[in-house]
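Trainee: My questions all concern the structure below.
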Amino acid sequence: MTERLDCAVIGGGVVGLAIARRLALSGRQVVLFEAEKRTGQHASSRNSEVMHAGIYYPSGTLKARLCVAGRRMLASYCGEHGIPCRRVGKLVVAVTEDEIAQLEQHKAHGEANGVDDLAWLDREQVRALEPAVTCARALSSPSTGLVDSHGLMQALAADARRAGADIVLASPVVSGEVADDGIDLDIGGREPGRFRFRTVVNSAGFGAPAVARSLRGLPTETIPTPYFARGHYFTVSGPSPFRRLIYPVPGKDGLGIHVALDLGGNLRFGPDVCFTSFPDYEFDESRAAHFYGAIRCYYPGLAEGALAPGFVGVRSKLAPEGSGFVDFVLQGSEAHKVPGLLNLFGIDSPGLTSCLALAEEAGRRLE
Ligand SMILES: Cc1cc2nc3c(=O)[nH]c(=O)nc-3n(C[C@H](O)[C@H](O)[C@H](O)COP(=O)(O)OP(=O)(O)OC[C@H]3O[C@@H](n4cnc5c(N)ncnc54)[C@H](O)[C@@H]3O)c2cc1C
């Protein structure tokens, strides 16, 4: 008979680590299985590192609630653990008069979500703050910030380990099976084996639908079709002409190609949205033409030849291109009828900002 252990978390990205920490701190015995040799090699280290305020998401959605709560939790956590983070602030810029109506909608959403510091800036006020930016009007979000995602993941892992969690690297969950008194997981890698768990949290990022599909006994009709959206970042060398994050008015599939500063003040632009049938990190340099066009709408001073290839991140999506807003999905036994299994699907942006709130939500649902 397979020995029954308490709790498995599948995936050592920022969300899986935050969940492992939360469960371990509440007294659960946790084993986190990570397929790679190191934690945080996928979306959690290939993103804009922005602590979003919570402006864009329709109120009442998980993204709205967990982003707003998560940013506050994350700011306190970073302060307590000495993790670099800074409220650099952000301007969302309407380049044309037509875009102002869309910005008004975002302001209303943000305020309904509890973001209480949004302010309008006119053309001259923007010029005074960010002389390189051209726009008709801007929405200022002073509480938007940046966080060191690597420092954050290290702190979450250290907390989880101190609370007794095992973080097992190079150990992919390759399949599994729903049993009468738990869920069996087959672990690959160097020390393969089968273990039975009372609770399983599937937090495998864009791999979460594939992990779910590999669990025999889980109704397949409850597993969403995965979609993948690659996002390129281009870098610009030299001092940044911007002090704040500068975002265009968002499109249907993403927040738009924005000024993505890092905590060292280095300048990069991105991400674009390229839906793909297979997640990979190959950099498509031909995207540069699109980047120059999009960036020059609000930063006409971008010199020809200034953009250099940076990196690619892959977003986990639950709907095809052009579908618009799709919420995070935390799927428990009410949907799939398997006691003890929680699937996290579609944890794209603002998953980094929301990681501690997602962990709290997951912990609450498993109690
Ligand atoms: C381009 C881009 C920009 C973004 N910008 C922001 C931003 O500025 N602010 C923000 O809040 N959010 C942002 N996000 C979203 C944020 O990065 C993600 O929501 C977050 O990192 C998701 O974390 P995760 O742990 O769910 O996934 P991941 O970090 O992808 O981790 C999943 C882990 O599961 C592991 N895994 C997969 N399959 C298995 C298996 N079978 N067995 C064991 N382990 C497995 C993987 O190796 C991986 O380590 C962005 C995302 C992208 C892609």
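All residue names refer to the structure tokens as shown: chains lettered A, B, ... in order, residues numbered from 1 in each chain, ligands numbered from 1 in order.
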Using only C-alpha atoms, which residues of range 15-51 of chain A come within 12 Å of range 302-310 of chain A, and what is the closest atom pair for each, with the distance in Å to one decimal? Give it as a tab-separated table, sorted by chain and residue number.
Mentor:
```
residue	atom	partner	partner_atom	distance
A:Arg46	CA	A:Gly310	CA	10.3
A:Asn47	CA	A:Gly310	CA	11.4
A:Ser48	CA	A:Gly310	CA	12.0
```
Trainee: With C-alpha atoms kept, could you save the residues just selected as a CSV table (one decimal), in the first residue's frame?
Mentor:
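Writing done, so here's part-v6.csv:
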```csv
chain,number,residue,atom,x,y,z
A,46,ARG,CA,10.3,36.4,-17.0
A,47,ASN,CA,8.0,39.3,-16.4
A,48,SER,CA,7.8,43.0,-15.7
```
Trainee: Could you list, as an MDAnalysis selection string, all the residues within 7 Å of ligand 1, counting only C-alpha atoms and all ligand atoms?
Mentor: chainID A and resid 10:16 33:36 39:52 171:174 203:208 211 230:232 271 312:315 347:354
Trainee: Counting only C-alpha atoms, which residue out of A:Asn266, A:Gln331, A:Ser141, A:Thr134 sits closest to Trp120 in chain A?
Mentor: A:Ser141
Trainee: Write out as a VMD selection string which residues come within 10 Å of Lys252 in chain A when counting only C-alpha atoms, dropping same-chain ones fewer than 5 positions away.
Mentor: chain A and resid 321 to 325
Trainee: Could the residues in this selection be written to a file with C-alpha atoms, as a JSON list (two decimals), in the first residue's frame?
Mentor:
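File written: part_23.json
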```
[["chain", "number", "residue", "atom", "x", "y", "z"],
["A", 321, "GLU", "CA", -6.35, 35.59, -28.82],
["A", 322, "GLY", "CA", -8.83, 38.47, -28.72],
["A", 323, "SER", "CA", -10.98, 37.02, -25.94],
["A", 324, "GLY", "CA", -10.52, 39.95, -23.58],
["A", 325, "PHE", "CA", -10.65, 39.64, -19.79]]
```
Trainee: Hey, can you check how far CA of Thr144 in chain A sits from CA of Gly363 in chain A?
Mentor: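 Here the two named atoms are 26.4 Å from each other.
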Trainee: Taking the DSSP assignment computed from this structure's backbone, write out as an MDAnalysis selection string all residues of range 78-254 of chain A that belong to helix (DSSP H, G or I).
Mentor: chainID A and resid 78:81 97:112 123:129 149:162 205:213 220:222
Trainee: Write to file, as an mmCIF file, in the first residue's frame, the residues of the selection just made, with C-alpha atoms.
Mentor:
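In the end it all went to part26.cif:
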```cif
data_model
loop_
_atom_site.group_PDB
_atom_site.id
_atom_site.type_symbol
_atom_site.label_atom_id
_atom_site.label_comp_id
_atom_site.auth_asym_id
_atom_site.auth_seq_id
_atom_site.Cartn_x
_atom_site.Cartn_y
_atom_site.Cartn_z
ATOM 1 C CA CYS A 78 9.027 42.880 1.289
ATOM 2 C CA GLY A 79 9.486 45.441 4.063
ATOM 3 C CA GLU A 80 9.697 42.744 6.753
ATOM 4 C CA HIS A 81 12.098 40.559 4.752
ATOM 5 C CA GLU A 97 -8.510 62.145 -27.356
ATOM 6 C CA ASP A 98 -10.400 58.897 -28.239
ATOM 7 C CA GLU A 99 -8.384 56.901 -25.718
ATOM 8 C CA ILE A 100 -9.412 59.195 -22.861
ATOM 9 C CA ALA A 101 -12.848 57.511 -22.646
ATOM 10 C CA GLN A 102 -11.130 54.131 -22.172
ATOM 11 C CA LEU A 103 -8.934 55.598 -19.458
ATOM 12 C CA GLU A 104 -12.047 56.938 -17.727
ATOM 13 C CA GLN A 105 -13.393 53.368 -17.633
ATOM 14 C CA HIS A 106 -10.153 52.078 -16.131
ATOM 15 C CA LYS A 107 -10.251 54.812 -13.498
ATOM 16 C CA ALA A 108 -13.806 53.772 -12.582
ATOM 17 C CA HIS A 109 -12.771 50.090 -12.403
ATOM 18 C CA GLY A 110 -9.750 50.949 -10.278
ATOM 19 C CA GLU A 111 -11.807 53.014 -7.843
ATOM 20 C CA ALA A 112 -14.482 50.307 -7.610
ATOM 21 C CA ARG A 123 -0.443 67.176 -21.111
ATOM 22 C CA GLU A 124 1.620 69.868 -19.342
ATOM 23 C CA GLN A 125 1.618 68.064 -16.002
ATOM 24 C CA VAL A 126 2.876 64.900 -17.716
ATOM 25 C CA ARG A 127 5.562 66.913 -19.542
ATOM 26 C CA ALA A 128 6.748 68.356 -16.226
ATOM 27 C CA LEU A 129 7.053 64.892 -14.659
ATOM 28 C CA SER A 149 10.954 38.683 -8.023
ATOM 29 C CA HIS A 150 14.086 36.600 -7.348
ATOM 30 C CA GLY A 151 14.524 38.029 -3.845
ATOM 31 C CA LEU A 152 10.837 37.396 -3.219
ATOM 32 C CA MET A 153 11.026 33.746 -4.296
ATOM 33 C CA GLN A 154 14.140 33.165 -2.174
ATOM 34 C CA ALA A 155 12.371 34.576 0.884
ATOM 35 C CA LEU A 156 9.206 32.523 0.264
ATOM 36 C CA ALA A 157 11.256 29.330 -0.154
ATOM 37 C CA ALA A 158 13.279 30.057 3.000
ATOM 38 C CA ASP A 159 10.089 30.702 5.001
ATOM 39 C CA ALA A 160 8.485 27.521 3.667
ATOM 40 C CA ARG A 161 11.554 25.428 4.536
ATOM 41 C CA ARG A 162 11.793 26.944 8.023
ATOM 42 C CA GLY A 205 1.857 27.693 -14.256
ATOM 43 C CA PHE A 206 1.260 27.191 -17.972
ATOM 44 C CA GLY A 207 1.828 23.455 -17.329
ATOM 45 C CA ALA A 208 -1.145 23.208 -14.935
ATOM 46 C CA PRO A 209 -3.696 21.961 -17.519
ATOM 47 C CA ALA A 210 -1.195 19.290 -18.677
ATOM 48 C CA VAL A 211 -0.613 18.185 -15.073
ATOM 49 C CA ALA A 212 -4.386 17.988 -14.532
ATOM 50 C CA ARG A 213 -4.774 15.973 -17.737
ATOM 51 C CA THR A 220 -11.375 15.679 -18.429
ATOM 52 C CA GLU A 221 -14.278 18.006 -19.210
ATOM 53 C CA THR A 222 -13.297 20.097 -16.170
#
```
Trainee: Using only C-alpha atoms, determine which residues lie at most 8 Å from Arg196 in chain A, disregarding the query and same-chain residues fewer than 3 positions distant; provide the list as a list in words.
Mentor: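 The residues that qualify are Thr2, Glu3, Arg4, Leu5, Gly182, Ile183, Asp184 and Leu185 of chain A.
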Trainee: Would you put the residues from that selection into a file with N, CA and C atoms, as an mmCIF file, in the first residue's frame?
Mentor:
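Result went into out.cif, see below:
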```cif
data_model
loop_
_atom_site.group_PDB
_atom_site.id
_atom_site.type_symbol
_atom_site.label_atom_id
_atom_site.label_comp_id
_atom_site.auth_asym_id
_atom_site.auth_seq_id
_atom_site.Cartn_x
_atom_site.Cartn_y
_atom_site.Cartn_z
ATOM 1 N N THR A 2 0.431 2.281 -0.762
ATOM 2 C CA THR A 2 1.205 3.524 -0.853
ATOM 3 C C THR A 2 1.027 4.324 0.444
ATOM 4 N N GLU A 3 2.167 4.805 1.010
ATOM 5 C CA GLU A 3 2.081 5.614 2.226
ATOM 6 C C GLU A 3 1.392 6.937 1.910
ATOM 7 N N ARG A 4 0.479 7.387 2.793
ATOM 8 C CA ARG A 4 -0.238 8.625 2.499
ATOM 9 C C ARG A 4 0.434 9.804 3.221
ATOM 10 N N LEU A 5 0.853 10.785 2.420
ATOM 11 C CA LEU A 5 1.464 11.991 2.971
ATOM 12 C C LEU A 5 0.399 13.094 3.011
ATOM 13 N N GLY A 182 -7.154 9.673 -1.340
ATOM 14 C CA GLY A 182 -6.120 10.648 -1.651
ATOM 15 C C GLY A 182 -5.833 10.679 -3.136
ATOM 16 N N ILE A 183 -4.699 11.267 -3.470
ATOM 17 C CA ILE A 183 -4.297 11.387 -4.879
ATOM 18 C C ILE A 183 -2.866 10.879 -4.979
ATOM 19 N N ASP A 184 -2.647 9.901 -5.863
ATOM 20 C CA ASP A 184 -1.288 9.386 -6.092
ATOM 21 C C ASP A 184 -0.587 10.276 -7.111
ATOM 22 N N LEU A 185 0.672 10.589 -6.827
ATOM 23 C CA LEU A 185 1.474 11.335 -7.805
ATOM 24 C C LEU A 185 2.695 10.503 -8.171
#
```
Trainee: Go ahead and compute the interatomic distance for CA of Leu23 in chain A and CA of Met73 in chain A, in Å to one decimal.
Mentor: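 For CA of Leu23 in chain A relative to CA of Met73 in chain A, the distance reads 16.5 Å.
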Trainee: Which residue, A:Val88, A:Ile257, A:Val133, A:Val30, has the smallest gap to Pro300 in chain A when you use only C-alpha atoms?
Mentor: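 For Pro300 in chain A, the nearest of the given residues is A:Val133.
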Trainee: Looking at A:Ala75, A:Leu255, A:Arg21, A:Tyr233, which one is nearest to Arg287 in chain A, with distances taken over only C-alpha atoms?
Mentor: A:Tyr233
Trainee: Using only C-alpha atoms, can you tell me which of A:Gly301, A:Gly114, A:Gly251, A:Gly189 comes closest to Ser59 in chain A?
Mentor: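 Looking only at the distances to Ser59 in chain A, the closest residue turns out to be A:Gly114.
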Trainee: Between CA of Val338 in chain A and CA of Ala357 in chain A, what is the distance, to one decimal in Å?
Mentor: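 Computed distance, CA of Val338 in chain A to CA of Ala357 in chain A, equals 23.8 Å.
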Trainee: If you run DSSP over the backbone, which residues in range 16-175 of chain A end up strand (DSSP E)? Put them as a PyMOL selection string.
Mentor: chain A and resi 30-33+50-51+85-86+90-94+119-122+137-141+145-147+166-168+173-175
Trainee: For range 85-197 of chain A versus range 234-241 of chain A, which residues have an atom no more than 10 Å away, and what is each residue's nearest atom pair and distance in Å rounded to one decimal, using only C-alpha atoms, chain-then-number order, as a tab-separated table?
Mentor:
```
residue	atom	partner	partner_atom	distance
A:Glu130	CA	A:Pro241	CA	7.8
A:Pro131	CA	A:Pro241	CA	8.0
A:Ala132	CA	A:Pro241	CA	6.4
A:Val133	CA	A:Pro241	CA	9.1
```
Trainee: For range 67-158 of chain A against range 258-261 of chain A, with a cut-off of 10 Å and counting only C-alpha atoms, what is the closest atom pair and its distance in Å to one decimal for every residue that makes the cut, ordered by chain and number, as CSV?
Mentor:
```
residue,atom,partner,partner_atom,distance
A:Val88,CA,A:Leu261,CA,9.3
A:Lys90,CA,A:Val259,CA,9.4
A:Leu91,CA,A:Val259,CA,9.9
A:Val92,CA,A:His258,CA,9.2
A:Leu146,CA,A:Leu261,CA,8.3
```
Trainee: Keeping only C-alpha atoms, write the selected residues to a file as a short mmCIF file (atom, residue, chain, number, x, y, z; two decimals), in the first residue's frame.
Mentor:
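Output contents, as saved in result.cif:
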```cif
data_model
loop_
_atom_site.label_atom_id
_atom_site.label_comp_id
_atom_site.auth_asym_id
_atom_site.auth_seq_id
_atom_site.Cartn_x
_atom_site.Cartn_y
_atom_site.Cartn_z
CA VAL A 88 7.97 54.08 -8.56
CA LYS A 90 2.95 54.64 -13.17
CA LEU A 91 1.34 56.80 -15.81
CA VAL A 92 -1.21 55.23 -18.17
CA LEU A 146 8.44 47.23 -8.66
#
```
